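Reproduced below: my_file_20.tsv, with TSV, C-alpha atoms.
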```tsv
chain	number	residue	atom	x	y	z
A	1	MET	CA	-9.62	8.95	52.33
A	2	LEU	CA	-8.63	6.70	49.42
A	3	ALA	CA	-10.55	8.89	46.98
A	4	ARG	CA	-8.64	11.96	48.20
A	5	LEU	CA	-5.33	10.17	47.67
A	6	ARG	CA	-6.28	9.19	44.12
A	7	ALA	CA	-7.50	12.60	43.04
A	8	PRO	CA	-4.08	14.25	42.50
A	9	SER	CA	-3.05	11.47	40.07
A	10	ARG	CA	-5.67	12.71	37.65
A	11	LEU	CA	-4.00	16.09	37.62
A	12	LEU	CA	-0.59	14.60	36.85
A	13	ARG	CA	-1.59	12.88	33.63
A	14	ALA	CA	0.44	13.87	30.60
A	15	PRO	CA	-1.36	15.95	28.00
A	16	LEU	CA	-2.74	14.08	25.00
A	17	ALA	CA	-0.27	13.65	22.16
A	18	ARG	CA	-0.90	15.63	19.00
A	19	SER	CA	-2.68	13.60	16.36
A	20	ILE	CA	-1.34	12.93	12.90
A	21	GLN	CA	-2.33	15.36	10.16
A	22	THR	CA	-4.24	13.56	7.39
A	23	SER	CA	-5.09	16.43	5.07
A	24	ALA	CA	-3.76	15.99	1.56
A	25	ASP	CA	-2.90	19.62	0.84
A	26	THR	CA	-1.06	21.13	3.84
A	27	THR	CA	2.45	21.12	2.37
A	28	THR	CA	3.65	24.66	1.66
A	29	LEU	CA	6.07	26.12	-0.84
A	30	TYR	CA	9.42	26.91	0.80
A	31	GLN	CA	10.92	28.73	-2.17
A	32	ASP	CA	9.79	29.66	-5.66
A	33	ALA	CA	8.84	26.60	-7.67
A	34	SER	CA	10.86	25.86	-10.78
A	35	ALA	CA	9.89	23.96	-13.89
A	36	SER	CA	13.48	22.89	-14.53
A	37	ASN	CA	15.32	22.81	-11.18
A	38	PRO	CA	14.66	21.16	-7.82
A	39	PHE	CA	12.91	23.32	-5.22
A	40	MET	CA	12.07	23.04	-1.52
A	41	VAL	CA	8.68	22.55	0.11
A	42	LYS	CA	7.76	22.21	3.78
A	43	LEU	CA	5.50	19.51	5.17
A	44	HIS	CA	2.93	20.21	7.88
A	45	GLU	CA	4.46	19.91	11.35
A	46	ASP	CA	2.10	17.04	12.21
A	47	SER	CA	2.89	14.95	9.13
A	48	PHE	CA	4.81	12.46	11.29
A	49	ARG	CA	4.74	10.99	14.78
A	50	THR	CA	7.64	8.95	16.10
A	51	TYR	CA	8.35	6.09	18.46
A	52	ASN	CA	11.98	5.69	19.56
A	53	CYS	CA	13.35	7.43	16.48
A	54	ASP	CA	13.78	10.90	15.03
A	55	ALA	CA	11.26	12.24	12.54
A	56	PRO	CA	12.11	12.74	8.88
A	57	SER	CA	12.88	16.29	7.84
A	58	LEU	CA	9.87	18.45	7.09
A	59	ASP	CA	11.90	20.24	4.42
A	60	VAL	CA	11.64	18.22	1.21
A	61	GLN	CA	13.28	18.73	-2.16
A	62	VAL	CA	11.04	18.00	-5.14
A	63	THR	CA	11.02	18.58	-8.88
A	64	LYS	CA	8.25	19.27	-11.34
A	65	ASP	CA	8.92	15.98	-13.13
A	66	GLU	CA	8.59	14.02	-9.87
A	67	LEU	CA	5.31	15.64	-8.94
A	68	MET	CA	3.85	15.25	-12.42
A	69	THR	CA	4.92	11.60	-12.56
A	70	MET	CA	3.32	10.85	-9.20
A	71	TYR	CA	0.15	12.67	-10.25
A	72	THR	CA	-0.03	10.62	-13.45
A	73	GLN	CA	0.58	7.38	-11.57
A	74	MET	CA	-2.05	8.09	-8.91
A	75	THR	CA	-4.61	9.13	-11.51
A	76	THR	CA	-3.93	6.07	-13.65
A	77	MET	CA	-4.11	3.69	-10.69
A	78	ARG	CA	-7.45	5.14	-9.63
A	79	ARG	CA	-8.82	4.80	-13.16
A	80	MET	CA	-7.67	1.18	-13.23
A	81	GLU	CA	-9.37	0.41	-9.92
A	82	GLN	CA	-12.56	2.15	-11.03
A	83	ALA	CA	-12.55	0.04	-14.19
A	84	ALA	CA	-12.12	-3.10	-12.09
A	85	GLY	CA	-15.10	-2.06	-9.99
A	86	GLN	CA	-17.24	-1.59	-13.10
A	87	LEU	CA	-16.20	-4.99	-14.47
A	88	TYR	CA	-17.11	-6.59	-11.15
A	89	GLN	CA	-20.53	-4.95	-11.15
A	90	ALA	CA	-21.02	-6.25	-14.70
A	91	LYS	CA	-20.23	-9.74	-13.32
A	92	LEU	CA	-17.21	-10.10	-15.60
A	93	ILE	CA	-14.97	-10.30	-12.52
A	94	ARG	CA	-16.06	-12.90	-10.00
A	95	GLY	CA	-14.87	-13.84	-6.52
A	96	PHE	CA	-12.97	-11.46	-4.27
A	97	CYS	CA	-11.89	-8.03	-5.45
A	98	HIS	CA	-10.41	-5.44	-3.07
A	99	LEU	CA	-9.91	-1.94	-4.45
A	100	ALA	CA	-7.51	0.74	-3.21
A	101	ILE	CA	-9.43	3.84	-4.28
A	102	GLY	CA	-8.48	6.62	-1.84
A	103	GLN	CA	-5.17	5.03	-0.84
A	104	GLU	CA	-3.14	5.98	-3.93
A	105	ALA	CA	-0.66	8.12	-2.00
A	106	VAL	CA	0.51	5.00	-0.17
A	107	SER	CA	1.23	2.78	-3.17
A	108	VAL	CA	2.68	5.54	-5.34
A	109	GLY	CA	4.57	7.05	-2.39
A	110	ILE	CA	6.17	3.71	-1.54
A	111	HIS	CA	7.09	3.00	-5.15
A	112	SER	CA	8.54	6.48	-5.61
A	113	GLY	CA	10.71	6.26	-2.50
A	114	LEU	CA	12.22	2.86	-3.28
A	115	THR	CA	14.67	1.63	-5.92
A	116	PRO	CA	13.48	-0.80	-8.62
A	117	GLU	CA	15.45	-3.59	-6.87
A	118	ASP	CA	13.76	-3.25	-3.46
A	119	TYR	CA	11.01	-5.73	-2.58
A	120	ILE	CA	7.36	-5.19	-1.68
A	121	ILE	CA	4.88	-7.77	-0.40
A	122	THR	CA	1.31	-6.93	0.60
A	123	SER	CA	-2.15	-8.37	1.19
A	124	TYR	CA	-5.43	-7.74	-0.64
A	125	ARG	CA	-5.15	-4.27	-2.16
A	126	CYS	CA	-2.34	-5.20	-4.50
A	127	HIS	CA	-3.38	-4.07	-7.99
A	128	PRO	CA	-1.51	-0.71	-8.03
A	129	PHE	CA	1.70	-2.30	-6.71
A	130	ALA	CA	1.57	-4.98	-9.41
A	131	VAL	CA	1.56	-2.31	-12.13
A	132	LEU	CA	4.04	0.05	-10.48
A	133	ARG	CA	6.58	-2.71	-9.79
A	134	GLY	CA	6.90	-3.89	-13.36
A	135	GLY	CA	3.52	-5.31	-14.35
A	136	SER	CA	0.92	-3.87	-16.68
A	137	ILE	CA	-2.64	-2.64	-16.50
A	138	THR	CA	-3.65	-5.20	-19.11
A	139	GLY	CA	-1.98	-7.93	-17.07
A	140	VAL	CA	-3.86	-6.94	-13.91
A	141	ILE	CA	-7.27	-6.56	-15.55
A	142	ALA	CA	-6.84	-9.79	-17.51
A	143	GLU	CA	-5.93	-11.60	-14.30
A	144	LEU	CA	-9.06	-10.30	-12.62
A	145	LEU	CA	-11.07	-11.52	-15.61
A	146	GLY	CA	-9.39	-14.94	-15.51
A	147	ARG	CA	-7.77	-14.64	-18.93
A	148	GLN	CA	-4.51	-15.96	-20.38
A	149	ALA	CA	-3.07	-12.45	-20.70
A	150	GLY	CA	-3.23	-12.08	-16.92
A	151	MET	CA	-0.03	-11.68	-14.93
A	152	SER	CA	-0.65	-15.14	-13.42
A	153	HIS	CA	-2.13	-16.45	-16.69
A	154	GLY	CA	-5.65	-16.07	-15.35
A	155	LYS	CA	-5.19	-18.63	-12.58
A	156	GLY	CA	-4.39	-16.43	-9.59
A	157	GLY	CA	-7.03	-13.74	-9.51
A	158	SER	CA	-7.11	-10.50	-7.59
A	159	MET	CA	-4.86	-11.44	-4.67
A	160	HIS	CA	-2.18	-13.47	-6.47
A	161	ILE	CA	-0.28	-11.19	-8.84
A	162	PHE	CA	3.52	-11.02	-8.87
A	163	THR	CA	6.57	-9.43	-10.50
A	164	PRO	CA	10.29	-10.08	-9.89
A	165	THR	CA	10.27	-7.46	-7.09
A	166	PHE	CA	6.63	-7.65	-6.01
A	167	PHE	CA	5.63	-10.79	-4.13
A	168	GLY	CA	1.84	-10.43	-4.06
A	169	GLY	CA	-1.04	-10.10	-3.30
A	170	ASN	CA	-1.62	-12.69	-0.50
A	171	GLY	CA	-5.01	-13.98	0.61
A	172	ILE	CA	-4.33	-15.16	4.17
A	173	VAL	CA	-4.67	-12.36	6.72
A	174	GLY	CA	-1.22	-11.32	7.95
A	175	ALA	CA	0.59	-14.30	6.37
A	176	GLN	CA	2.64	-12.09	4.05
A	177	VAL	CA	4.39	-10.37	6.98
A	178	PRO	CA	6.67	-13.30	7.96
A	179	LEU	CA	7.24	-13.91	4.24
A	180	GLY	CA	8.44	-10.31	4.00
A	181	ALA	CA	10.79	-10.87	6.91
A	182	GLY	CA	12.11	-13.90	5.04
A	183	LEU	CA	12.72	-11.81	1.93
A	184	ALA	CA	14.66	-9.31	4.06
A	185	PHE	CA	16.65	-12.19	5.56
A	186	ALA	CA	17.62	-13.31	2.05
A	187	GLN	CA	18.69	-9.78	1.17
A	188	LYS	CA	20.91	-9.57	4.23
A	189	TYR	CA	22.26	-13.11	3.83
A	190	ASN	CA	23.19	-12.41	0.20
A	191	GLU	CA	24.64	-9.01	1.18
A	192	LYS	CA	22.32	-7.14	-1.17
A	193	PRO	CA	21.95	-3.39	-0.42
A	194	ARG	CA	18.18	-3.59	-0.57
A	195	CYS	CA	15.17	-3.66	1.74
A	196	THR	CA	11.74	-5.26	1.88
A	197	PHE	CA	8.49	-3.45	2.62
A	198	ALA	CA	6.19	-5.99	4.29
A	199	MET	CA	2.70	-4.51	4.29
A	200	TYR	CA	-0.43	-5.38	6.24
A	201	GLY	CA	-3.64	-3.65	7.25
A	202	ASP	CA	-4.90	-2.49	10.62
A	203	GLY	CA	-7.21	-5.51	10.53
A	204	ALA	CA	-4.20	-7.86	10.45
A	205	ALA	CA	-2.20	-5.93	13.05
A	206	ASN	CA	-3.32	-8.22	15.90
A	207	GLN	CA	-2.18	-11.42	14.19
A	208	GLY	CA	0.32	-13.46	16.19
A	209	GLN	CA	2.48	-14.13	13.15
A	210	VAL	CA	2.97	-10.37	12.70
A	211	PHE	CA	4.56	-10.10	16.15
A	212	GLU	CA	6.61	-13.24	15.55
A	213	ALA	CA	7.99	-11.61	12.40
A	214	PHE	CA	8.75	-8.44	14.39
A	215	ASN	CA	10.75	-10.48	16.89
A	216	MET	CA	12.85	-12.35	14.32
A	217	ALA	CA	13.48	-9.22	12.27
A	218	LYS	CA	14.77	-7.31	15.29
A	219	LEU	CA	16.72	-10.29	16.60
A	220	TRP	CA	18.66	-10.46	13.34
A	221	ASP	CA	18.40	-6.73	12.45
A	222	LEU	CA	16.90	-7.46	9.05
A	223	PRO	CA	16.44	-4.69	6.45
A	224	CYS	CA	12.66	-5.00	6.74
A	225	VAL	CA	10.19	-2.13	6.91
A	226	PHE	CA	6.90	-3.33	8.39
A	227	VAL	CA	4.15	-1.18	6.92
A	228	CYS	CA	0.72	-0.93	8.55
A	229	GLU	CA	-1.68	0.52	5.99
A	230	ASN	CA	-4.23	1.87	8.43
A	231	ASN	CA	-7.39	2.76	6.55
A	232	LYS	CA	-9.26	2.80	9.89
A	233	TYR	CA	-11.51	-0.18	9.20
A	234	GLY	CA	-10.50	-3.86	9.23
A	235	MET	CA	-13.28	-5.25	7.02
A	236	GLY	CA	-16.34	-3.81	8.78
A	237	THR	CA	-14.78	-3.15	12.18
A	238	SER	CA	-13.26	0.17	13.17
A	239	ALA	CA	-9.75	0.14	14.60
A	240	GLU	CA	-11.06	1.40	17.96
A	241	ARG	CA	-13.38	-1.59	18.30
A	242	SER	CA	-10.74	-4.20	17.50
A	243	SER	CA	-7.43	-2.90	18.93
A	244	SER	CA	-6.63	-1.82	22.47
A	245	ASN	CA	-3.71	0.18	21.06
A	246	THR	CA	-4.55	1.91	17.78
A	247	GLU	CA	-1.16	3.61	17.54
A	248	TYR	CA	0.16	0.81	15.37
A	249	PHE	CA	3.55	2.43	14.87
A	250	THR	CA	4.29	1.89	18.58
A	251	ARG	CA	3.56	-1.84	18.58
A	252	GLY	CA	6.95	-3.11	17.45
A	253	ASP	CA	8.36	-3.36	20.99
A	254	LYS	CA	12.07	-2.69	20.36
A	255	ILE	CA	11.47	-1.77	16.72
A	256	PRO	CA	11.21	2.01	16.33
A	257	GLY	CA	8.14	3.33	14.56
A	258	LEU	CA	6.92	6.21	12.45
A	259	GLN	CA	3.33	7.29	11.83
A	260	VAL	CA	2.79	9.04	8.50
A	261	ASN	CA	0.14	11.17	6.85
A	262	GLY	CA	-0.80	8.65	4.17
A	263	MET	CA	-3.04	11.10	2.32
A	264	ASP	CA	-0.21	13.47	1.33
A	265	ILE	CA	1.95	11.97	-1.41
A	266	ILE	CA	4.96	14.13	-0.53
A	267	ALA	CA	4.87	13.08	3.13
A	268	SER	CA	4.46	9.45	2.10
A	269	ARG	CA	7.46	9.49	-0.20
A	270	GLN	CA	9.57	11.33	2.38
A	271	ALA	CA	8.78	8.66	4.98
A	272	VAL	CA	9.68	5.86	2.57
A	273	GLU	CA	13.03	7.43	1.71
A	274	TYR	CA	13.69	7.82	5.44
A	275	ALA	CA	12.81	4.17	6.06
A	276	ARG	CA	15.01	2.94	3.23
A	277	LYS	CA	17.96	4.94	4.51
A	278	TRP	CA	17.32	3.54	8.00
A	279	THR	CA	17.39	-0.08	6.88
A	280	VAL	CA	19.83	-0.05	3.94
A	281	ASP	CA	22.26	2.85	4.27
A	282	ASP	CA	22.43	3.16	8.06
A	283	LYS	CA	21.87	-0.58	8.71
A	284	LYS	CA	19.79	0.09	11.84
A	285	GLY	CA	17.61	-2.97	11.42
A	286	PRO	CA	13.82	-3.03	10.98
A	287	LEU	CA	11.45	-0.08	11.17
A	288	LEU	CA	7.68	0.09	11.56
A	289	LEU	CA	5.74	2.53	9.38
A	290	GLU	CA	2.06	3.30	9.83
A	291	PHE	CA	0.35	5.11	6.97
A	292	VAL	CA	-2.90	6.69	8.14
A	293	THR	CA	-5.10	6.58	5.07
A	294	TYR	CA	-8.70	5.90	4.02
A	295	ARG	CA	-10.55	3.71	1.54
A	296	TYR	CA	-13.61	5.14	-0.15
A	297	GLY	CA	-15.19	1.81	-1.06
A	298	GLY	CA	-15.99	-1.19	1.07
A	299	HIS	CA	-13.51	-3.78	2.23
A	300	SER	CA	-14.22	-5.69	-0.97
A	301	MET	CA	-16.69	-5.28	-3.80
A	302	SER	CA	-19.24	-7.36	-1.87
A	303	ASP	CA	-19.16	-4.83	0.99
A	304	PRO	CA	-21.20	-1.63	0.44
A	305	GLY	CA	-19.02	0.09	3.04
A	306	THR	CA	-21.85	2.05	4.62
A	307	THR	CA	-23.17	-0.27	7.35
A	308	TYR	CA	-20.34	0.57	9.78
A	309	ARG	CA	-19.71	4.18	8.77
A	310	THR	CA	-21.87	6.96	7.39
A	311	ARG	CA	-22.07	8.14	3.81
A	312	GLU	CA	-21.34	11.61	5.15
A	313	GLU	CA	-18.01	10.42	6.55
A	314	VAL	CA	-16.97	8.95	3.21
A	315	GLN	CA	-18.06	12.06	1.33
A	316	ARG	CA	-16.21	14.30	3.76
A	317	MET	CA	-12.98	12.38	3.21
A	318	ARG	CA	-13.45	12.46	-0.56
A	319	SER	CA	-14.06	16.20	-0.61
A	320	THR	CA	-11.47	17.36	1.93
A	321	GLN	CA	-8.62	14.84	2.09
A	322	ASP	CA	-8.36	13.20	-1.32
A	323	PRO	CA	-4.68	12.50	-2.16
A	324	ILE	CA	-5.05	13.18	-5.89
A	325	HIS	CA	-6.86	16.46	-5.36
A	326	GLY	CA	-4.22	17.43	-2.81
A	327	LEU	CA	-1.38	16.96	-5.28
A	328	GLN	CA	-3.44	18.68	-7.98
A	329	LYS	CA	-3.73	21.71	-5.70
A	330	TYR	CA	0.03	21.79	-5.15
A	331	ILE	CA	0.78	21.59	-8.87
A	332	GLU	CA	-1.68	24.31	-9.80
A	333	GLU	CA	-0.87	26.72	-6.95
A	334	TRP	CA	2.86	26.32	-7.48
A	335	GLY	CA	2.49	27.13	-11.17
A	336	LEU	CA	3.77	23.80	-12.47
A	337	ALA	CA	0.75	22.96	-14.65
A	338	THR	CA	-2.69	24.33	-15.40
A	339	GLU	CA	-6.02	22.79	-14.50
A	340	GLN	CA	-6.58	21.99	-18.18
A	341	GLU	CA	-3.24	20.17	-18.43
A	342	LEU	CA	-4.07	18.05	-15.38
A	343	LYS	CA	-7.53	17.25	-16.75
A	344	GLN	CA	-5.86	16.06	-19.94
A	345	ILE	CA	-3.68	13.70	-17.89
A	346	ASP	CA	-6.82	12.24	-16.36
A	347	LYS	CA	-8.46	11.88	-19.78
A	348	ASP	CA	-5.33	10.17	-21.13
A	349	ALA	CA	-5.29	7.82	-18.11
A	350	LYS	CA	-8.93	6.86	-18.70
A	351	LYS	CA	-8.27	6.29	-22.39
A	352	LYS	CA	-5.26	4.11	-21.59
A	353	VAL	CA	-7.16	2.04	-19.03
A	354	ASP	CA	-10.15	1.63	-21.37
A	355	ALA	CA	-7.84	0.28	-24.08
A	356	CYS	CA	-6.24	-2.13	-21.61
A	357	VAL	CA	-9.67	-3.37	-20.53
A	358	GLU	CA	-10.62	-4.17	-24.12
A	359	GLU	CA	-7.30	-5.92	-24.68
A	360	ALA	CA	-7.82	-8.00	-21.53
A	361	LYS	CA	-11.40	-8.91	-22.48
A	362	ALA	CA	-10.17	-10.12	-25.88
A	363	SER	CA	-7.75	-12.56	-24.28
A	364	PRO	CA	-8.98	-16.20	-24.14
A	365	GLU	CA	-9.59	-18.12	-20.95
A	366	PRO	CA	-6.94	-20.62	-19.79
A	367	LEU	CA	-7.03	-24.07	-21.38
A	368	LEU	CA	-7.58	-27.27	-19.43
A	369	LYS	CA	-3.93	-28.23	-19.89
A	370	ASP	CA	-2.94	-25.00	-18.14
A	371	LEU	CA	-4.29	-26.42	-14.87
A	372	TRP	CA	-1.13	-28.52	-14.63
A	373	THR	CA	1.32	-25.66	-15.17
A	374	ASP	CA	2.80	-23.17	-12.67
A	375	ILE	CA	2.38	-25.62	-9.79
A	376	TYR	CA	6.13	-26.18	-9.46
A	377	TYR	CA	9.06	-24.04	-10.45
A	378	ALA	CA	10.12	-24.93	-13.99
A	379	GLY	CA	12.37	-27.95	-14.00
A	380	THR	CA	11.40	-29.19	-10.52
A	381	GLU	CA	8.14	-30.95	-11.41
A	382	PRO	CA	7.56	-34.51	-10.13
A	383	PRO	CA	7.08	-37.34	-12.64
A	384	PHE	CA	3.32	-37.07	-12.35
A	385	MET	CA	0.56	-35.15	-10.56
A	386	ARG	CA	-2.75	-36.52	-9.33
A	387	GLY	CA	-5.87	-34.51	-10.14
A	388	ARG	CA	-9.27	-34.32	-8.51
A	389	GLU	CA	-9.82	-38.08	-8.68
A	390	ARG	CA	-7.54	-41.10	-8.41
A	391	GLU	CA	-7.85	-41.81	-12.14
A	392	GLU	CA	-7.06	-38.26	-13.15
A	393	VAL	CA	-3.27	-38.22	-13.43
A	394	HIS	CA	-1.05	-35.87	-15.40
A	395	HIS	CA	2.46	-36.98	-16.42
A	396	TYR	CA	5.06	-34.27	-16.92
```
How would this structure read if it were set down as structure tokens?
Amino acid sequence: MLARLRAPSRLLRAPLARSIQTSADTTTLYQDASASNPFMVKLHEDSFRTYNCDAPSLDVQVTKDELMTMYTQMTTMRRMEQAAGQLYQAKLIRGFCHLAIGQEAVSVGIHSGLTPEDYIITSYRCHPFAVLRGGSITGVIAELLGRQAGMSHGKGGSMHIFTPTFFGGNGIVGAQVPLGAGLAFAQKYNEKPRCTFAMYGDGAANQGQVFEAFNMAKLWDLPCVFVCENNKYGMGTSAERSSSNTEYFTRGDKIPGLQVNGMDIIASRQAVEYARKWTVDDKKGPLLLEFVTYRYGGHSMSDPGTTYRTREEVQRMRSTQDPIHGLQKYIEEWGLATEQELKQIDKDAKKKVDACVEEAKASPEPLLKDLWTDIYYAGTEPPFMRGREREEVHHY
């Protein structure tokens, strides 16, 4: 009898929601492309999924200059990360090194959709952001090599690189999220028309401090965009094995959310512009963005990345959903540049990165006296600082 009563409930279940589109080349031309004037393109209908908010418009205005700039930036960032990987394999870079190869549409899309005054704070995969937000390729590579020319003078390493609007690079899982909420609090307190993008990975999405930051941000309606960079694997664990709810954009409770195709650079930028308008112009408080993306390499250089997923899966993503190839297809099919012109951009990017690598390698290592600097903000140092042993004391 009980079984008969339960049976109809199975028939009343809602149909499964449509999944996010993660192809990199499904945007279509809405009108004839122009080399000199803005033109309209249309995103795939499944580029976004929403939670308690409206979706961004699928009709997007772009220009040739914008697309070419984003292509150059993505290509250059990939070349930089590939160079870092080679230096690590040559044992010139030691320690931890997390590369963002495959996720270029996220970093470049976020940078392109923000103003230079907006803030970004992230976790491990920080090298592209450090360059895009005012740093340099030489500064990043030199930092990885532990040289004086590094952006943290060779003392921070891969996860501790900063600019005036980029706050790292943070090594503690999820710890940057409440810091990002604090940055947004400062922006609101000082009445600055800016926002903060506080980024974390799917592996950090279950951290208690992430939900605490959600709560405070919504309580005070801070201009904070919480960004889950979902590359589907937290270290060596798939999202399905670690999270009971893998729709990370729905996990903000009263904070609305938006899931984004993080492999299409145009969709990524459109989502970022939507999020900035939400927090800054419309003053609606925080928003949760989830970029569905993919990393080609392992979690870090010490992870081969093939013990928890197949080589065929990685190759399939590389060949069918690569963000750089997707934008390359748009540019070529829309008549904005030829294949040869785009190949030249890649060659120029490699040449530039190679030169930066040599410049970084030529930089000397930090001196012993440099161990005592950058501990305190200039002018706030104590009279003295104790070293490793009681007798080792440095006087400022």
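Taking CA of Ile121 in chain A and CA of Leu145 in chain A as endpoints, the distance between them is 22.4 Å.
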| query | Which is closer to Ala33 in chain A than all the others in A:Leu368, A:Ala360, A:Ile331, A:Val280, using only C-alpha atoms? | reply | A:Ile331
Please build the interface table for range 73-162 of chain A against range 297-312 of chain A with a cut-off of 10 Å, listing for each qualifying residue the nearest atom pair and the distance in Å to one decimal; count all atoms listed in the file, order rows by chain and increasing number, and write it as a tab-separated table.
```
residue	atom	partner	partner_atom	distance
A:Ala84	CA	A:Met301	CA	9.7
A:Gly85	CA	A:Met301	CA	7.2
A:Tyr88	CA	A:Met301	CA	7.5
A:Gln89	CA	A:Met301	CA	8.3
A:Arg94	CA	A:Met301	CA	9.8
A:Gly95	CA	A:Ser302	CA	9.1
A:Phe96	CA	A:Ser300	CA	6.8
A:Cys97	CA	A:Ser300	CA	5.6
A:His98	CA	A:Ser300	CA	4.4
A:Leu99	CA	A:Ser300	CA	6.7
A:Ala100	CA	A:Gly297	CA	8.0
A:Ile101	CA	A:Gly297	CA	6.9
A:Gly102	CA	A:Gly297	CA	8.3
A:Tyr124	CA	A:Ser300	CA	9.0
A:Arg125	CA	A:Ser300	CA	9.3
```
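Counting only C-alpha atoms, Pro223 in chain A has the following residues at most 6 Å away, ignoring those fewer than 3 positions along the same chain: Ala184, Cys195, Thr279, Gly285 and Pro286 of chain A.
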Neighbouring residues of Val393 in chain A were defined as those with any atom within 12 Å, considering all atoms listed in the file; residues of the same chain fewer than 4 positions away were excluded. Please report them as a PDB file with C-alpha atoms, in the coordinates of the input.
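The resulting file, selection32.pdb, is shown below:
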```
ATOM      1  CA  LYS A 369      -3.930 -28.230 -19.890  1.00  0.00           C
ATOM      2  CA  LEU A 371      -4.290 -26.420 -14.870  1.00  0.00           C
ATOM      3  CA  TRP A 372      -1.130 -28.520 -14.630  1.00  0.00           C
ATOM      4  CA  PRO A 382       7.560 -34.510 -10.130  1.00  0.00           C
ATOM      5  CA  PRO A 383       7.080 -37.340 -12.640  1.00  0.00           C
ATOM      6  CA  PHE A 384       3.320 -37.070 -12.350  1.00  0.00           C
ATOM      7  CA  MET A 385       0.560 -35.150 -10.560  1.00  0.00           C
ATOM      8  CA  ARG A 386      -2.750 -36.520  -9.330  1.00  0.00           C
ATOM      9  CA  GLY A 387      -5.870 -34.510 -10.140  1.00  0.00           C
ATOM     10  CA  ARG A 388      -9.270 -34.320  -8.510  1.00  0.00           C
ATOM     11  CA  GLU A 389      -9.820 -38.080  -8.680  1.00  0.00           C
TER      12      GLU A 389
END
```
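What separates CA of Thr75 in chain A from CA of Lys329 in chain A is a distance of 13.9 Å.
CA of Arg78 in chain A is positioned 15.6 Å from CA of Asp264 in chain A.
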| message | What's around Trp278 in chain A at 12 Å? Count only C-alpha atoms, leave out sequence neighbours fewer than 2 positions away in its own chain, and write the answer as a ChimeraX atom specification. | response | /A:53-56,193-195,221-225,255-258,271-276,280-289
Go ahead and fit an axis-aligned box to every listed atom of range 315-318 of chain A plus 8 Å each side, and pass me the centre and edge lengths in Å, one decimal, as JSON.
```
{"center_x": -15.5, "center_y": 13.2, "center_z": 1.6, "size_x": 21.1, "size_y": 18.2, "size_z": 20.3}
```
Compile the contact shell of range 337-347 of chain A as a short mmCIF file (atom, residue, chain, number, x, y, z; two decimals) with C-alpha atoms, in the coordinates of the input: residues with an atom at most 12 Å away, counting only C-alpha atoms, same-chain residues fewer than 5 positions apart removed.
```cif
data_model
loop_
_atom_site.label_atom_id
_atom_site.label_comp_id
_atom_site.auth_asym_id
_atom_site.auth_seq_id
_atom_site.Cartn_x
_atom_site.Cartn_y
_atom_site.Cartn_z
CA ALA A 33 8.84 26.60 -7.67
CA SER A 34 10.86 25.86 -10.78
CA ALA A 35 9.89 23.96 -13.89
CA LYS A 64 8.25 19.27 -11.34
CA ASP A 65 8.92 15.98 -13.13
CA LEU A 67 5.31 15.64 -8.94
CA MET A 68 3.85 15.25 -12.42
CA THR A 69 4.92 11.60 -12.56
CA MET A 70 3.32 10.85 -9.20
CA TYR A 71 0.15 12.67 -10.25
CA THR A 72 -0.03 10.62 -13.45
CA GLN A 73 0.58 7.38 -11.57
CA MET A 74 -2.05 8.09 -8.91
CA THR A 75 -4.61 9.13 -11.51
CA THR A 76 -3.93 6.07 -13.65
CA MET A 77 -4.11 3.69 -10.69
CA ARG A 78 -7.45 5.14 -9.63
CA ARG A 79 -8.82 4.80 -13.16
CA MET A 80 -7.67 1.18 -13.23
CA ILE A 324 -5.05 13.18 -5.89
CA HIS A 325 -6.86 16.46 -5.36
CA LEU A 327 -1.38 16.96 -5.28
CA GLN A 328 -3.44 18.68 -7.98
CA LYS A 329 -3.73 21.71 -5.70
CA TYR A 330 0.03 21.79 -5.15
CA ILE A 331 0.78 21.59 -8.87
CA GLU A 332 -1.68 24.31 -9.80
CA LYS A 352 -5.26 4.11 -21.59
CA VAL A 353 -7.16 2.04 -19.03
CA ASP A 354 -10.15 1.63 -21.37
#
```
